[in-house]
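Let me begin by presenting the structure, written as structure tokens, before commenting on it.
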Amino acid sequence: MLNFHSYPEIKFPDGFIWGSATAAHQIEGDDVDSLNWFKEIEEKREHLSGKACNSYVLYKEDVELLKQIGHKAYRFSLSWARLEPSPNQFKTEVLEHYVDQLRLLKAAGITTFVTLLHGSMPNWFERQGGFRKRENIALFERYLRFVVPAICEQVDFWLVINEFNLCWGETMALMQDIRANHLLAHARGYHVIKEYSSAPVSSAHALQHCHPENPFDKFDRLWAEFNDWLSNEFFFHAIRTGEIVFPGRKVETFAEVKDTVDYWGVNYYCRRVVSARSAADGEWYTATHQRMIDKEFYLEEFFPEGLSYGMQRLADKPVYITENGVCADDDRWRVVKLCMDLAAVADAIKHGVDCRGYLHWSTMDNYEWSSFTPRFGLVHVDFDTFKRTPKPSAWFYKELIEGNGFGPALIKKYLPELPEFKLY
Ligand code: BGC
């Protein structure tokens, strides 16, 4: 749908949960013992995370902000590196900080989604081999046993690990090992949490819609299917059967992996175009490509179909969209993205998917792992003063939440005419 004013009235099921998401390293600031902090310096990344949004200090204001913009749910992550800056040296004051944050969120009537590992693993853990070594899962479990009992009463939904289905390794074999080990760490996390909490558990899966550059070319189609297996299907299959199946690797079967998600947590941005004739990804299609910030970025397209198609693979359990959004300097793109992708979510529901909630990425502009340039926030952040200012899209989203849906009248209020959008 490219004429935004022609959308029908779209309503979501009663009790649908609406909110947004962040991650510790991207907003808290001073995550000095994390692997990413070291890499930012070592690899001379465009920007250093520094104070990020200073949210570790401003967390109380951030809870007020969530209330102000009408969010009913909030997904955030704990910084493992802050909680365990050196091996087996746990910081109880950091744990208390998170307990306080959760208490405030609950007091504000906000449903909490807690991610136990979203990028910011301790630097020491990586130096010890990280998830390249299967025996290190015990170190992850030690961390979980420190945090889970302390916060379990305030957590409504758990996410053990964020997007491990996209972890890389120097070789294909190593990449598969790392993904398999993460899967086992996820399962270990699931069982540890179940000792303390009856709240639903999952891990956030990066849903990759792998699209053959030329859909009529057999090699492109095979390559898309192969990449789908490596990034999506190995995970879905392992959860459904306990089998970890990767190309050219001996199958492993673990009863303790089977059924270790109570819901599917789906992160979705846009499609990935793949070509069998290129070592890198395929070419963007000119017809749908758009550059919304003044630099090359890996999410330069809207492709809502990828979301509804992908969700239809997940009709066997409840689904929550745990991330979805766009980085754009022109905030009106955010309204368009919300309309297009939420229409796709509604389509998936129409086709039998039990989707129960949506968390927009992101609550506020933040540190995008190597740069502050891509702005994903519903709320603008001034990275010098840390002042937060809701953008028009935040007010659009608030009204959408209040109405449990959207339609032409609401869209027209925020996009009064088919505008001339800012593009680069
Ligand atoms: C990650 C976020 C990141 C977003 C945009 C997701 O894959 O979970 O941490 O900011 O993509 O790149």
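As shown in the structure tokens, the chain order sets the letters A, B, ...; within each chain, residues go from 1, and ligands are also counted from 1 in the order they appear.
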* To do: Would you mind listing the residues within 9 Å of ligand 1, counting only C-alpha atoms and all ligand atoms, as a VMD selection string?
  => chain A and resid 22 to 23 25 to 26 118 to 119 162 to 163 166 204 to 206 267 to 269 297 to 299 323 to 327 361 to 362 366 to 369 374 376
* **segment 67-253 of chain A: residues DSSP assigns to strand (DSSP E or B), reported as a VMD selection string** => chain A and resid 73 to 77 86 89 111 to 117 122 157 to 162 201 to 206 209 to 212 243 to 244 252 to 253
* To do: Could you please determine the separation between atom CA of Phe16 of chain A and atom CA of His351 of chain A in Å, to one decimal place?
  =>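 Separation of atom CA of Phe16 of chain A and atom CA of His351 of chain A: 16.8 Å.
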* May I have the residues within 10 Å of Arg221 of chain A as a PyMOL selection string, using only C-alpha atoms and disregarding those fewer than 2 positions away in the same chain? => chain A and resi 210-219+223-227+274-276
Show me, as a PDB file with C-alpha atoms, in the first residue's frame, the residues that have an atom within 8 Å of segment 393-395 of chain A when counting only C-alpha atoms, minus same-chain residues fewer than 6 positions from it.
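File written: around.pdb
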```pdb
ATOM      1  CA  ILE A  69       4.207   8.572  25.392  1.00  0.00           C
ATOM      2  CA  ASP A 331      10.433  11.240  11.167  1.00  0.00           C
ATOM      3  CA  ARG A 332       7.486  10.813   8.791  1.00  0.00           C
ATOM      4  CA  ARG A 334       8.627   6.208  10.985  1.00  0.00           C
ATOM      5  CA  VAL A 335       4.881   6.747  10.672  1.00  0.00           C
ATOM      6  CA  LEU A 378      10.338   7.579  18.601  1.00  0.00           C
ATOM      7  CA  VAL A 379      11.987  10.074  20.935  1.00  0.00           C
ATOM      8  CA  TYR A 414       0.174  12.916  10.898  1.00  0.00           C
TER       9      TYR A 414
END
```
* Point out the residue among A:Asp262, A:Glu256, A:Asp365, A:Asp30 with the least atom-to-atom distance to Phe157 of chain A, counting only C-alpha atoms. =>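 Among the listed residues, the smallest separation from Phe157 of chain A belongs to A:Asp262.
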* From segment 79-310 of chain A, collect each residue whose DSSP state is alpha helix (DSSP H) and return the set as a ChimeraX atom specification. => /A:80-83,92-107,123-127,137-151,172-196,218-228,234-241,304-310
* Best match for closeness to Glu96 of chain A among A:Glu301, A:Leu83, A:Trp168, A:Gln176, counting only C-alpha atoms ->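 Among the listed residues, the smallest separation from Glu96 of chain A belongs to A:Leu83.
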* To do: Please identify all polymer residues within 12 Å of Pro247 of chain A, counting only C-alpha atoms, omitting same-chain residues fewer than 4 positions from it, and present them as a VMD selection string.
  => chain A and resid 172 to 173 175 to 177 225 to 231 233 to 234 251
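If only C-alpha atoms are the atoms counted, then among A:Glu252, A:Asp384, A:Asp281, A:Asp33 the closest residue to Phe125 of chain A is A:Asp33.
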* So which one's closest to Gly310 of chain A, A:His209, A:Arg142, A:Lys258, A:Lys337? Using only C-alpha atoms, please. ->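 Looking at the shortest contact to Gly310 of chain A, the residue is A:His209.
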Can you pull out every residue within 12 Å of Phe383 of chain A, counting only C-alpha atoms, but drop anything in the same chain fewer than 6 positions away, and send it as a CSV table (one decimal) with N, CA, C and O atoms, in the first residue's frame?
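Okay, this is what ended up in part-v5.csv:
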```csv
chain,number,residue,atom,x,y,z
A,27,ILE,N,22.0,2.4,25.1
A,27,ILE,CA,21.4,3.6,25.8
A,27,ILE,C,22.1,3.9,27.1
A,27,ILE,O,22.1,5.1,27.5
A,29,GLY,N,25.2,3.9,28.5
A,29,GLY,CA,26.5,4.7,28.7
A,29,GLY,C,27.5,4.0,29.6
A,29,GLY,O,27.1,3.3,30.5
A,47,HIS,N,32.0,6.3,15.8
A,47,HIS,CA,31.8,7.0,17.1
A,47,HIS,C,32.0,6.0,18.2
A,47,HIS,O,31.8,4.8,18.0
A,48,LEU,N,32.4,6.4,19.4
A,48,LEU,CA,32.4,5.6,20.6
A,48,LEU,C,31.1,5.7,21.3
A,48,LEU,O,30.5,6.8,21.3
A,49,SER,N,30.7,4.7,22.1
A,49,SER,CA,29.4,4.7,22.7
A,49,SER,C,29.4,5.7,23.9
A,49,SER,O,28.3,6.4,24.1
A,50,GLY,N,30.5,5.9,24.5
A,50,GLY,CA,30.6,6.9,25.6
A,50,GLY,C,29.4,6.9,26.6
A,50,GLY,O,29.2,5.8,27.2
A,51,LYS,N,28.8,8.0,26.7
A,51,LYS,CA,27.6,8.0,27.7
A,51,LYS,C,26.3,7.6,27.0
A,51,LYS,O,25.3,7.6,27.6
A,52,ALA,N,26.4,7.3,25.7
A,52,ALA,CA,25.2,6.9,24.9
A,52,ALA,C,24.0,7.9,25.3
A,52,ALA,O,24.2,9.1,25.1
A,53,CYS,N,22.9,7.3,25.8
A,53,CYS,CA,21.8,8.2,26.2
A,53,CYS,C,21.8,8.5,27.7
A,53,CYS,O,20.9,9.1,28.2
A,54,ASN,N,22.9,8.1,28.3
A,54,ASN,CA,23.0,8.3,29.8
A,54,ASN,C,21.9,7.7,30.6
A,54,ASN,O,21.5,8.2,31.6
A,55,SER,N,21.3,6.6,30.0
A,55,SER,CA,20.1,6.0,30.7
A,55,SER,C,20.4,5.3,32.0
A,55,SER,O,19.5,5.1,32.8
A,364,MET,N,14.0,5.4,22.0
A,364,MET,CA,14.7,6.7,21.8
A,364,MET,C,15.9,6.5,20.8
A,364,MET,O,16.4,5.4,20.7
A,365,ASP,N,16.4,7.5,20.2
A,365,ASP,CA,17.6,7.5,19.4
A,365,ASP,C,18.7,6.9,20.3
A,365,ASP,O,18.7,7.3,21.5
A,366,ASN,N,19.6,6.1,19.7
A,366,ASN,CA,20.6,5.5,20.6
A,366,ASN,C,21.9,5.2,19.8
A,366,ASN,O,22.0,5.6,18.7
A,367,TYR,N,22.8,4.5,20.5
A,367,TYR,CA,24.1,4.2,19.9
A,367,TYR,C,23.9,2.9,19.0
A,367,TYR,O,23.6,1.9,19.6
A,371,SER,N,28.0,3.8,15.7
A,371,SER,CA,27.7,5.2,15.2
A,371,SER,C,26.4,5.7,15.9
A,371,SER,O,25.4,5.0,16.2
A,372,PHE,N,26.4,7.0,16.0
A,372,PHE,CA,25.1,7.7,16.5
A,372,PHE,C,24.3,8.2,15.3
A,372,PHE,O,23.2,8.8,15.5
A,373,THR,N,24.8,8.1,14.1
A,373,THR,CA,24.1,8.6,13.0
A,373,THR,C,22.7,8.0,12.7
A,373,THR,O,21.8,8.7,12.5
A,375,ARG,N,19.3,7.1,13.4
A,375,ARG,CA,18.4,7.4,14.5
A,375,ARG,C,17.1,6.6,14.4
A,375,ARG,O,16.4,6.8,13.4
A,389,THR,N,13.2,14.4,23.5
A,389,THR,CA,12.0,15.1,23.0
A,389,THR,C,11.2,14.2,22.1
A,389,THR,O,11.7,13.7,21.0
```
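Pairwise distance (atom CA of Leu415 of chain A, atom CA of Tyr285 of chain A) equals 25.9 Å.
The residue set within 8 Å of Glu141 of chain A, counting only C-alpha atoms and dropping same-chain residues fewer than 2 places from it, reads Ile137, Ala138, Leu139, Tyr143, Leu144, Arg145, Ala185, Arg188, Gly189 and Val192 of chain A.
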Resulting file, chosen residues, N, CA, C and O atoms, as an mmCIF file, in the first residue's frame:
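This is the output file result.cif:
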```cif
data_model
loop_
_atom_site.group_PDB
_atom_site.id
_atom_site.type_symbol
_atom_site.label_atom_id
_atom_site.label_comp_id
_atom_site.auth_asym_id
_atom_site.auth_seq_id
_atom_site.Cartn_x
_atom_site.Cartn_y
_atom_site.Cartn_z
ATOM 1 N N ILE A 137 29.340 -22.153 28.326
ATOM 2 C CA ILE A 137 27.911 -21.972 28.641
ATOM 3 C C ILE A 137 27.727 -21.969 30.164
ATOM 4 O O ILE A 137 26.864 -21.281 30.704
ATOM 5 N N ALA A 138 28.580 -22.699 30.862
ATOM 6 C CA ALA A 138 28.502 -22.736 32.337
ATOM 7 C C ALA A 138 28.748 -21.340 32.920
ATOM 8 O O ALA A 138 28.194 -20.989 33.964
ATOM 9 N N LEU A 139 29.583 -20.541 32.238
ATOM 10 C CA LEU A 139 29.855 -19.177 32.735
ATOM 11 C C LEU A 139 28.622 -18.291 32.543
ATOM 12 O O LEU A 139 28.313 -17.445 33.387
ATOM 13 N N TYR A 143 26.152 -16.405 35.534
ATOM 14 C CA TYR A 143 25.585 -15.050 35.496
ATOM 15 C C TYR A 143 24.062 -15.096 35.674
ATOM 16 O O TYR A 143 23.483 -14.345 36.471
ATOM 17 N N LEU A 144 23.419 -16.026 34.972
ATOM 18 C CA LEU A 144 21.961 -16.106 35.071
ATOM 19 C C LEU A 144 21.516 -16.431 36.494
ATOM 20 O O LEU A 144 20.540 -15.878 36.999
ATOM 21 N N ARG A 145 22.275 -17.302 37.136
ATOM 22 C CA ARG A 145 21.895 -17.689 38.504
ATOM 23 C C ARG A 145 22.081 -16.532 39.484
ATOM 24 O O ARG A 145 21.480 -16.523 40.553
ATOM 25 N N ALA A 185 22.992 -22.374 24.984
ATOM 26 C CA ALA A 185 22.983 -21.401 26.088
ATOM 27 C C ALA A 185 21.562 -20.869 26.291
ATOM 28 O O ALA A 185 21.109 -20.693 27.429
ATOM 29 N N ARG A 188 19.706 -23.539 28.108
ATOM 30 C CA ARG A 188 20.116 -23.566 29.525
ATOM 31 C C ARG A 188 19.408 -22.431 30.271
ATOM 32 O O ARG A 188 18.883 -22.612 31.362
ATOM 33 N N GLY A 189 19.386 -21.260 29.628
ATOM 34 C CA GLY A 189 18.720 -20.101 30.227
ATOM 35 C C GLY A 189 17.245 -20.390 30.468
ATOM 36 O O GLY A 189 16.697 -20.073 31.525
ATOM 37 N N VAL A 192 16.904 -22.553 33.539
ATOM 38 C CA VAL A 192 17.236 -21.830 34.782
ATOM 39 C C VAL A 192 16.053 -20.927 35.158
ATOM 40 O O VAL A 192 15.593 -20.918 36.302
#
```
* Asked: What is the distance, in Å and to one decimal place, between atom CA of Lys133 of chain A and atom CA of Val114 of chain A?
  ->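 Interatomic distance here is 25.4 Å.
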